[in-house]
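Take a look at the structure set out below.
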Amino acid sequence: MIVQIVFALVSLVLLASAVTVVSARNPVHAVLFLILAFVSASVLFLLAGAEFLAFILAIVYVGAVAVLFLFVVMMLDVDFAALKEGFQRYAPVGALVGIVLFGELGLVALTWHSVSGAEIAIAYPMPAGTTNAVALGSLLYTAYLPLFQLSGVILLVAMIGAIVLTHRDRPRAKRQSLGRQHARMPAETLHIVKAELGAGAAIPSAKTQKETL
């Protein structure tokens, strides 16, 4: 009974946070609600007995991906006025995409059915003596290895895109020239000054340095 109550409450929190991610006007708030959705999904995984997925979702997505989203959103300096200007122009296209998406979800909900033997698989999710992490790892790195590698490539592309979007070209910034540094001779940069004790030393001007050289 307690498990069903916790499942219902966490599911409501997950649905509410997911809707808020899409409807929030402030992108920072959207990322924060995305983190809440990830945490709620982790609790649901724990209730389903998939503790490895729950820990991965909490550690990787909440601790790394969502924080990366937050940093990118805060560094992009998004112009919200410009975003609101194009809302009416792209509203029909967005509505059409939403109708198609909900239509597909409706077809899936109407035609969904359990395969034969699903009840037995739920009762015995993995062989005896095999841990959750071992069963998941053997499945990922055998049957779903291409999809697993593809997901890694997608995350790499997302990371590169975040770096490109946050890069700012600064013409006045001083840049390092390795070629000029390697071609420079010691006589062009060093000037030995002999100073008497207590007399101090005066740095010669650039003209005097050229005449000395």
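We label chains A, B, ... in the order they appear in the structure tokens, count residues from 1 in each chain, and number ligands from 1 in the order shown.
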Per-residue DSSP, chain A, filtered to helix (DSSP H, G or I), as a ChimeraX atom specification: /A:2-23,27-48,51-76,80-85,87-111,118-123,132-140,145-166,178-183,186-189,206-212
Near-Thr166 in chain A list (8 Å; only C-alpha atoms; drop same-chain fewer than 3 positions) as a list in words: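 Neighbouring residues, sequence-local ones excluded: Val72, Met75, Leu76, Ala162 and Ile163 of chain A.
Between Gly137 in chain A and the candidates A:Val108, A:Val39, A:Ala16, A:Leu53, the tightest atom-to-atom separation, counting only C-alpha atoms, involves A:Leu53.
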Point-to-point distance from CA of Leu165 in chain A to CA of Asn26 in chain A, Å rounded to tenths: 19.0 Å
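As for CA of Pro92 in chain A and CA of Leu15 in chain A, they are spaced 25.3 Å apart.
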